[in-house]
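Okay, final_19.csv is below, CSV, C-alpha atoms (C1' of nucleotides):
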```csv
chain,number,residue,atom,x,y,z
A,1,MET,CA,0.0,0.0,0.0
A,2,MET,CA,2.7,2.4,1.0
A,3,LEU,CA,5.4,3.4,-1.4
A,4,LYS,CA,9.0,4.2,-0.8
A,5,ILE,CA,10.4,7.2,-2.5
A,6,GLY,CA,12.0,5.2,-5.3
A,7,GLU,CA,8.8,3.5,-6.0
A,8,LEU,CA,6.9,6.8,-6.1
A,9,ALA,CA,9.7,8.2,-8.3
A,10,SER,CA,9.4,5.4,-10.9
A,11,LYS,CA,5.6,5.5,-10.7
A,12,THR,CA,5.4,9.2,-11.4
A,13,ASP,CA,8.5,9.6,-13.5
A,14,VAL,CA,9.8,12.2,-11.2
A,15,SER,CA,13.3,11.7,-9.7
A,16,HIS,CA,13.7,11.1,-6.0
A,17,HIS,CA,15.9,14.2,-5.9
A,18,THR,CA,13.0,16.2,-7.3
A,19,LEU,CA,10.5,14.6,-5.0
A,20,ARG,CA,12.5,15.6,-2.0
A,21,PHE,CA,13.0,19.0,-3.5
A,22,TYR,CA,9.2,19.4,-3.9
A,23,GLU,CA,8.9,18.4,-0.2
A,24,ARG,CA,11.3,21.2,0.8
A,25,GLN,CA,9.2,23.5,-1.3
A,26,GLY,CA,6.1,22.4,0.6
A,27,LEU,CA,4.4,20.9,-2.4
A,28,ILE,CA,4.2,17.4,-1.0
A,29,ALA,CA,4.9,15.5,2.2
A,30,PRO,CA,5.0,11.7,2.7
A,31,ALA,CA,2.0,10.2,4.5
A,32,GLY,CA,4.4,8.8,7.0
A,33,ARG,CA,7.7,7.4,7.8
A,34,SER,CA,9.0,3.8,8.4
A,35,ASP,CA,10.8,2.8,11.5
A,36,SER,CA,14.1,3.5,9.9
A,37,GLY,CA,13.0,6.9,8.7
A,38,TYR,CA,12.1,6.1,5.1
A,39,ARG,CA,9.4,8.2,3.5
A,40,LEU,CA,6.2,6.3,2.9
A,41,TYR,CA,3.7,7.6,0.4
A,42,SER,CA,0.1,6.7,-0.2
A,43,ASP,CA,-2.0,6.6,-3.3
A,44,LEU,CA,-3.2,10.1,-2.5
A,45,ASP,CA,0.4,11.2,-2.8
A,46,VAL,CA,0.7,9.7,-6.2
A,47,ASP,CA,-2.4,11.8,-7.2
A,48,ARG,CA,-0.8,14.8,-5.7
A,49,VAL,CA,2.4,14.4,-7.8
A,50,GLY,CA,0.0,14.0,-10.8
A,51,PHE,CA,-1.6,17.3,-9.8
A,52,ILE,CA,1.8,19.0,-9.7
A,53,LEU,CA,2.8,17.6,-13.1
A,54,SER,CA,-0.5,18.7,-14.7
A,55,ALA,CA,-0.2,22.2,-13.2
A,56,LYS,CA,3.4,22.4,-14.4
A,57,LYS,CA,2.3,21.4,-17.9
A,58,VAL,CA,-0.2,24.3,-18.0
A,59,GLY,CA,2.5,26.7,-17.0
A,60,PHE,CA,2.2,27.3,-13.3
A,61,THR,CA,5.3,27.9,-11.3
A,62,LEU,CA,6.0,25.8,-8.2
A,63,LEU,CA,5.0,28.6,-6.0
A,64,GLU,CA,1.7,28.9,-7.8
A,65,ILE,CA,1.2,25.2,-7.6
A,66,GLN,CA,1.7,25.4,-3.9
A,67,GLN,CA,-1.0,28.0,-3.7
A,68,LEU,CA,-3.3,25.9,-6.0
A,69,LEU,CA,-2.7,22.9,-3.8
A,70,GLU,CA,-3.7,24.9,-0.8
A,71,LEU,CA,-6.9,25.9,-2.6
A,72,GLU,CA,-7.4,22.2,-3.4
A,73,ILE,CA,-7.0,21.1,0.2
A,74,THR,CA,-9.3,23.8,1.6
A,75,LYS,CA,-11.7,23.6,-1.3
A,76,ASP,CA,-14.7,23.4,1.0
A,77,ASP,CA,-13.9,26.9,2.2
A,78,ASN,CA,-13.1,28.3,-1.3
A,79,SER,CA,-15.5,29.1,-4.1
A,80,CYS,CA,-15.1,28.2,-7.8
A,81,GLY,CA,-14.7,31.9,-8.2
A,82,ASP,CA,-11.5,31.9,-6.2
A,83,VAL,CA,-10.0,29.1,-8.3
A,84,LYS,CA,-11.1,30.7,-11.6
A,85,CYS,CA,-9.7,34.0,-10.5
A,86,PHE,CA,-6.4,32.4,-9.8
A,87,VAL,CA,-6.3,30.9,-13.3
A,88,ASP,CA,-7.5,34.1,-14.9
A,89,LYS,CA,-4.7,36.0,-13.3
A,90,LYS,CA,-2.2,33.5,-14.7
A,91,ILE,CA,-3.8,33.9,-18.1
A,92,SER,CA,-3.3,37.7,-18.1
A,93,ALA,CA,0.3,37.2,-16.9
A,94,VAL,CA,0.8,34.9,-19.9
A,95,ASN,CA,-0.7,37.4,-22.1
A,96,GLN,CA,1.7,40.0,-20.8
A,97,ARG,CA,4.6,37.8,-21.6
A,98,MET,CA,3.3,37.1,-25.0
A,99,LEU,CA,2.9,40.8,-25.8
A,100,GLU,CA,6.5,41.3,-24.7
A,101,MET,CA,7.7,38.4,-26.9
A,102,LYS,CA,5.8,39.8,-29.9
A,103,ARG,CA,7.5,43.2,-29.4
A,104,ILE,CA,10.8,41.5,-29.3
A,105,LYS,CA,10.0,39.4,-32.3
A,106,LYS,CA,9.0,42.4,-34.3
A,107,SER,CA,12.2,44.2,-33.4
A,108,LEU,CA,14.3,41.3,-34.4
A,109,GLN,CA,12.4,40.9,-37.7
A,110,ALA,CA,12.9,44.5,-38.5
A,111,LEU,CA,16.6,44.1,-37.9
A,112,SER,CA,16.8,41.0,-40.1
A,113,LYS,CA,14.7,42.5,-42.9
A,114,ALA,CA,16.9,45.5,-43.2
A,115,CYS,CA,20.1,43.5,-43.5
A,116,CYS,CA,21.3,42.4,-46.9
A,117,GLY,CA,22.5,39.1,-45.4
A,118,GLY,CA,25.0,38.8,-48.2
A,119,SER,CA,28.7,37.8,-48.0
A,120,VAL,CA,29.8,41.4,-47.9
A,121,PRO,CA,31.9,42.3,-44.9
A,122,ALA,CA,29.7,43.4,-42.0
A,123,THR,CA,31.5,46.7,-41.7
A,124,GLN,CA,28.4,48.6,-42.5
A,125,CYS,CA,25.9,46.0,-41.4
A,126,THR,CA,22.6,47.6,-40.7
A,127,ILE,CA,22.0,45.3,-37.8
A,128,LEU,CA,25.1,46.3,-36.0
A,129,GLU,CA,24.5,49.9,-36.8
A,130,ALA,CA,21.0,49.8,-35.4
A,131,LEU,CA,22.2,48.2,-32.2
A,132,SER,CA,24.9,50.8,-31.9
A,133,GLU,CA,22.5,53.7,-32.3
A,134,GLN,CA,21.9,55.9,-29.2
A,135,LYS,CA,18.2,56.0,-28.7
A,136,ASN,CA,17.5,58.1,-25.6
B,1,MET,CA,37.4,62.9,-21.5
B,2,MET,CA,37.6,59.8,-19.4
B,3,LEU,CA,34.7,58.8,-17.1
B,4,LYS,CA,34.9,57.1,-13.8
B,5,ILE,CA,32.4,54.2,-13.2
B,6,GLY,CA,29.9,56.4,-11.3
B,7,GLU,CA,29.9,58.8,-14.2
B,8,LEU,CA,29.4,56.1,-16.7
B,9,ALA,CA,26.7,54.7,-14.5
B,10,SER,CA,24.7,57.9,-14.4
B,11,LYS,CA,25.3,58.6,-18.0
B,12,THR,CA,23.9,55.2,-19.2
B,13,ASP,CA,21.5,54.6,-16.3
B,14,VAL,CA,23.2,51.3,-15.5
B,15,SER,CA,24.3,50.8,-11.9
B,16,HIS,CA,28.0,50.6,-11.1
B,17,HIS,CA,27.2,47.1,-9.7
B,18,THR,CA,25.9,46.1,-13.1
B,19,LEU,CA,28.7,47.7,-15.0
B,20,ARG,CA,31.2,45.7,-13.0
B,21,PHE,CA,29.0,42.6,-13.5
B,22,TYR,CA,29.1,43.1,-17.2
B,23,GLU,CA,32.8,43.4,-17.1
B,24,ARG,CA,33.1,40.1,-15.3
B,25,GLN,CA,30.8,38.6,-18.0
B,26,GLY,CA,33.2,40.0,-20.7
B,27,LEU,CA,30.7,42.5,-22.2
B,28,ILE,CA,32.7,45.6,-21.5
B,29,ALA,CA,36.1,46.6,-20.2
B,30,PRO,CA,37.4,50.0,-19.1
B,31,ALA,CA,39.6,51.8,-21.6
B,32,GLY,CA,42.2,52.1,-18.8
B,33,ARG,CA,42.8,52.6,-15.2
B,34,SER,CA,43.9,55.6,-13.1
B,35,ASP,CA,47.0,55.5,-10.9
B,36,SER,CA,44.9,54.6,-8.0
B,37,GLY,CA,43.2,51.7,-9.9
B,38,TYR,CA,39.9,53.5,-10.8
B,39,ARG,CA,38.3,52.3,-14.0
B,40,LEU,CA,38.4,54.9,-16.7
B,41,TYR,CA,35.9,54.8,-19.6
B,42,SER,CA,36.0,56.5,-23.0
B,43,ASP,CA,33.1,57.6,-25.2
B,44,LEU,CA,33.4,54.3,-27.1
B,45,ASP,CA,32.6,52.6,-23.8
B,46,VAL,CA,29.4,54.7,-23.5
B,47,ASP,CA,28.4,53.5,-27.0
B,48,ARG,CA,29.2,50.0,-26.0
B,49,VAL,CA,26.9,50.1,-23.0
B,50,GLY,CA,24.3,51.6,-25.4
B,51,PHE,CA,24.8,48.6,-27.7
B,52,ILE,CA,24.3,46.2,-24.8
B,53,LEU,CA,21.1,48.0,-23.7
B,54,SER,CA,19.7,48.0,-27.2
B,55,ALA,CA,20.5,44.3,-27.7
B,56,LYS,CA,18.8,43.6,-24.3
B,57,LYS,CA,15.8,45.5,-25.4
B,58,VAL,CA,15.4,43.3,-28.5
B,59,GLY,CA,15.6,40.2,-26.3
B,60,PHE,CA,19.2,39.0,-26.5
B,61,THR,CA,20.7,37.3,-23.5
B,62,LEU,CA,24.0,38.6,-22.1
B,63,LEU,CA,25.8,35.6,-23.6
B,64,GLU,CA,24.3,36.4,-27.0
B,65,ILE,CA,25.2,40.0,-26.6
B,66,GLN,CA,28.8,39.0,-25.9
B,67,GLN,CA,28.8,37.1,-29.2
B,68,LEU,CA,27.2,40.0,-31.0
B,69,LEU,CA,29.8,42.3,-29.6
B,70,GLU,CA,32.5,39.9,-30.9
B,71,LEU,CA,30.9,40.1,-34.3
B,72,GLU,CA,30.8,43.9,-34.0
B,73,ILE,CA,34.5,44.0,-33.2
B,74,THR,CA,35.6,41.7,-35.9
B,75,LYS,CA,33.1,42.9,-38.4
B,76,ASP,CA,35.7,43.3,-41.1
B,77,ASP,CA,36.1,39.5,-41.0
B,78,ASN,CA,32.4,38.8,-40.8
B,79,SER,CA,29.8,39.0,-43.5
B,80,CYS,CA,26.3,40.5,-43.2
B,81,GLY,CA,25.1,37.0,-43.7
B,82,ASP,CA,26.8,35.9,-40.4
B,83,VAL,CA,25.1,38.7,-38.5
B,84,LYS,CA,21.7,38.1,-40.1
B,85,CYS,CA,22.0,34.4,-39.4
B,86,PHE,CA,22.6,35.2,-35.7
B,87,VAL,CA,19.5,37.3,-35.6
B,88,ASP,CA,17.4,34.8,-37.5
B,89,LYS,CA,18.3,32.0,-35.1
B,90,LYS,CA,17.1,34.2,-32.3
B,91,ILE,CA,13.9,34.8,-34.1
B,92,SER,CA,13.2,31.1,-34.4
B,93,ALA,CA,14.0,30.6,-30.7
B,94,VAL,CA,11.5,33.4,-29.9
B,95,ASN,CA,9.0,31.7,-32.2
B,96,GLN,CA,9.5,28.4,-30.3
B,97,ARG,CA,8.9,30.2,-27.0
B,98,MET,CA,5.8,31.8,-28.4
B,99,LEU,CA,4.3,28.6,-29.5
B,100,GLU,CA,4.9,27.1,-26.1
B,101,MET,CA,3.2,30.1,-24.5
B,102,LYS,CA,0.3,29.8,-26.8
B,103,ARG,CA,-0.1,26.1,-25.8
B,104,ILE,CA,-0.1,27.1,-22.2
B,105,LYS,CA,-2.5,29.9,-22.7
B,106,LYS,CA,-5.0,27.6,-24.5
B,107,SER,CA,-4.8,25.1,-21.7
B,108,LEU,CA,-5.4,27.8,-19.1
B,109,GLN,CA,-8.3,29.2,-21.1
B,110,ALA,CA,-9.9,25.8,-21.4
B,111,LEU,CA,-9.6,25.4,-17.7
B,112,SER,CA,-11.1,28.8,-17.0
B,113,LYS,CA,-13.9,28.4,-19.5
B,114,ALA,CA,-15.1,25.1,-18.0
B,115,CYS,CA,-15.3,26.6,-14.5
B,116,CYS,CA,-18.5,28.2,-13.3
B,117,GLY,CA,-16.6,30.8,-11.4
B,118,GLY,CA,-19.5,31.2,-9.0
B,119,SER,CA,-19.5,31.5,-5.3
B,120,VAL,CA,-20.3,27.8,-4.8
B,121,PRO,CA,-17.7,25.9,-2.8
B,122,ALA,CA,-14.9,24.6,-5.0
B,123,THR,CA,-15.5,21.0,-3.8
B,124,GLN,CA,-16.3,20.0,-7.4
B,125,CYS,CA,-14.5,22.7,-9.2
B,126,THR,CA,-13.8,21.5,-12.7
B,127,ILE,CA,-10.4,23.2,-12.7
B,128,LEU,CA,-9.2,21.3,-9.6
B,129,GLU,CA,-10.6,18.2,-11.0
B,130,ALA,CA,-8.9,18.6,-14.4
B,131,LEU,CA,-5.6,19.1,-12.6
B,132,SER,CA,-6.1,16.1,-10.5
B,133,GLU,CA,-6.8,13.9,-13.4
B,134,GLN,CA,-4.3,11.2,-14.2
B,135,LYS,CA,-3.3,11.7,-17.8
B,136,ASN,CA,-0.7,9.1,-18.8
C,1,DC,C1',42.8,66.6,9.3
C,2,DT,C1',38.6,64.9,9.1
C,3,DT,C1',34.2,64.0,6.7
C,4,DG,C1',31.7,62.4,2.9
C,5,DA,C1',31.5,60.8,-1.5
C,6,DC,C1',33.5,58.0,-4.4
C,7,DC,C1',36.3,53.9,-5.8
C,8,DC,C1',38.4,48.9,-5.3
C,9,DT,C1',38.0,43.5,-4.7
C,10,DA,C1',35.9,39.4,-3.3
C,11,DG,C1',32.3,37.1,-2.4
C,12,DA,C1',27.4,36.4,-0.6
C,13,DC,C1',22.6,36.6,-1.9
C,14,DC,C1',17.9,36.7,-4.7
C,15,DA,C1',14.5,33.9,-7.7
C,16,DT,C1',13.6,29.5,-10.5
C,17,DA,C1',13.7,24.5,-10.9
C,18,DG,C1',16.1,21.4,-10.2
C,19,DT,C1',20.6,17.9,-10.0
C,20,DC,C1',24.2,15.8,-7.7
C,21,DT,C1',27.5,14.5,-4.0
C,22,DA,C1',29.3,13.2,0.4
C,23,DG,C1',28.9,10.4,4.0
C,24,DG,C1',26.3,7.9,6.3
C,25,DG,C1',22.3,3.9,7.6
C,26,DT,C1',18.9,-0.1,5.9
C,27,DT,C1',17.1,-3.8,3.5
C,28,DT,C1',17.2,-7.8,0.6
C,29,DA,C1',19.0,-11.7,-1.7
C,30,DA,C1',22.6,-15.0,-2.5
D,1,DT,C1',27.8,-12.4,6.0
D,2,DT,C1',28.5,-9.6,2.6
D,3,DA,C1',27.3,-7.0,-1.6
D,4,DA,C1',24.0,-4.5,-4.1
D,5,DA,C1',20.3,-1.6,-4.0
D,6,DC,C1',18.0,1.4,-1.7
D,7,DC,C1',17.2,5.2,1.8
D,8,DC,C1',18.6,9.4,4.8
D,9,DT,C1',20.3,14.5,5.6
D,10,DA,C1',22.8,18.5,4.5
D,11,DG,C1',24.6,21.1,1.5
D,12,DA,C1',27.0,22.3,-3.0
D,13,DC,C1',26.3,23.3,-7.9
D,14,DT,C1',23.9,24.5,-12.6
D,15,DA,C1',22.1,28.8,-15.6
D,16,DT,C1',20.4,33.8,-15.8
D,17,DG,C1',20.8,38.6,-14.5
D,18,DG,C1',21.8,41.0,-11.5
D,19,DT,C1',22.0,43.3,-6.3
D,20,DC,C1',24.4,44.1,-2.2
D,21,DT,C1',27.8,43.9,1.5
D,22,DA,C1',32.2,43.8,4.0
D,23,DG,C1',36.3,45.9,4.5
D,24,DG,C1',39.2,48.4,2.7
D,25,DG,C1',41.6,52.8,-0.3
D,26,DT,C1',41.2,57.7,-2.6
D,27,DC,C1',40.0,62.3,-3.3
D,28,DA,C1',38.1,67.0,-2.6
D,29,DA,C1',36.2,70.5,0.5
D,30,DG,C1',36.0,72.9,4.8
```

Kindly present the structure from the file in structure tokens form.
Amino acid sequence: MMLKIGELASKTDVSHHTLRFYERQGLIAPAGRSDSGYRLYSDLDVDRVGFILSAKKVGFTLLEIQQLLELEITKDDNSCGDVKCFVDKKISAVNQRMLEMKRIKKSLQALSKACCGGSVPATQCTILEALSEQKN
Amino acid sequence: MMLKIGELASKTDVSHHTLRFYERQGLIAPAGRSDSGYRLYSDLDVDRVGFILSAKKVGFTLLEIQQLLELEITKDDNSCGDVKCFVDKKISAVNQRMLEMKRIKKSLQALSKACCGGSVPATQCTILEALSEQKN
DNA sequence: CTTGACCCTAGACCATAGTCTAGGGTTTAA
DNA sequence: TTAAACCCTAGACTATGGTCTAGGGTCAAG
């Protein structure tokens, strides 16, 4: 019934290093310990690791996952609105990042487009010139 | 003519900490030193910091900026094609990142959309359920 | 001749998400 | 009984881009 860390590791495909790291981060804790101090995990813990992996896959940081897990645990005291709000905040953070990346991409494309790209020496390369320009 | 680090810092709006950090990273080096060991910078160094800032603004990492600066310095031996290739590689890296972010955003939006978001207890919140699901 | 503002080096510290090692103890199977 | 495979803690190390501190030295004004 109870799994040792190596068993949980191979079952979830998360290294024992990482499992212990997640424990230090407060994401997961063993259900108990054996007499000799070995961590013992239950099926619930397997699910919990699954939750962590799913949340990682959709882009949450470990800190955010910790907060999500807290919502999970106290879900009787939290509304769907709370959870949705959490996700929506993340969505707008992602949107912010994407706008930033779009800006960067455009700048890079402008640089690339203006450059002849030929085998002439880069002495007057428009890219290098653009980057050297003082734009206050 | 020659600037001390504090002067360069205020002229470029980059802290003296960061300037020394950039020096350790090989991005910039003072033109010389005073008798007492103070770093002395020339106008070229001001331009160089400008180059670094511009390149940062378009999304290059410090390592990439170091490589760009090398291209800059040896530009007589490099072709426009080399420089353009460098920029184009960065563009496709940015594209990769953007695709990843799009994937994440879609997942998050799917989660959010499925959730009622009401003030009902989150006991059966679809978001928490989706994250708890085992997807092998 | 002292005070304050500046400069120096070397190294610690922050977040993020792990990975790995050293130096032990335990369990299992031959 | 001994060797392999596992487990433990504590802490170092990776990349990235800085920020800050400790503990000094230098320089200009009053």

Interface, chain D side, toward chain B (8 Å; only C-alpha atoms (C1' of nucleotides)) as a VMD selection string: chain D and resid 18 to 19 26

If the cut-off is 9 Å, can you tell me the residues of chain C near chain A, counting only C-alpha atoms (C1' of nucleotides)? I'd like them as an mmCIF file with C-alpha atoms (C1' of nucleotides), in the coordinates of the input.
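Result went into iface16.cif, see below:
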```cif
data_model
loop_
_atom_site.group_PDB
_atom_site.id
_atom_site.type_symbol
_atom_site.label_atom_id
_atom_site.label_comp_id
_atom_site.auth_asym_id
_atom_site.auth_seq_id
_atom_site.Cartn_x
_atom_site.Cartn_y
_atom_site.Cartn_z
ATOM 1 C "C1'" DT C 16 13.600 29.500 -10.500
ATOM 2 C "C1'" DA C 17 13.700 24.500 -10.900
ATOM 3 C "C1'" DG C 18 16.100 21.400 -10.200
ATOM 4 C "C1'" DT C 19 20.600 17.900 -10.000
ATOM 5 C "C1'" DC C 20 24.200 15.800 -7.700
ATOM 6 C "C1'" DG C 25 22.300 3.900 7.600
ATOM 7 C "C1'" DT C 26 18.900 -0.100 5.900
#
```

Considering all atoms listed in the file, give me a table of residues in chain A that are at most 6 Å from chain B, with the closest atom pair and distance in Å for each, as a Markdown table.
```
| residue | atom | partner | partner_atom | distance |
| --- | --- | --- | --- | --- |
| A:Phe51 | CA | B:Ser132 | CA | 4.7 |
| A:Ser54 | CA | B:Leu131 | CA | 5.5 |
| A:Val58 | CA | B:Ile104 | CA | 5.0 |
| A:Gly59 | CA | B:Ile104 | CA | 5.8 |
| A:Lys75 | CA | B:Ala122 | CA | 5.0 |
| A:Asp76 | CA | B:Thr123 | CA | 5.4 |
| A:Asn78 | CA | B:Pro121 | CA | 5.4 |
| A:Ser79 | CA | B:Pro121 | CA | 4.1 |
| A:Cys80 | CA | B:Ala122 | CA | 4.6 |
| A:Gly81 | CA | B:Gly117 | CA | 3.9 |
| A:Lys84 | CA | B:Gly117 | CA | 5.5 |
| A:Ile104 | CA | B:Val58 | CA | 5.0 |
| A:Ser107 | CA | B:Val58 | CA | 5.9 |
| A:Ser112 | CA | B:Lys84 | CA | 5.7 |
| A:Gly117 | CA | B:Gly81 | CA | 3.7 |
| A:Gly118 | CA | B:Gly81 | CA | 4.8 |
| A:Ser119 | CA | B:Ser79 | CA | 4.8 |
| A:Val120 | CA | B:Ser79 | CA | 5.0 |
| A:Pro121 | CA | B:Ser79 | CA | 4.2 |
| A:Ala122 | CA | B:Cys80 | CA | 4.6 |
| A:Thr123 | CA | B:Lys75 | CA | 5.3 |
| A:Cys125 | CA | B:Cys80 | CA | 5.8 |
| A:Leu131 | CA | B:Phe51 | CA | 5.2 |
| A:Ser132 | CA | B:Phe51 | CA | 4.7 |
```

Atomic distance atom CA of A:Leu40 - atom C1' of D:DC13, expressed in Å with one decimal: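 Separation between atom CA of A:Leu40 and atom C1' of D:DC13: 28.5 Å.
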
Distance of atom CA of A:His16 from atom CA of A:Ala29, expressed in Å to one decimal place: 12.8 Å
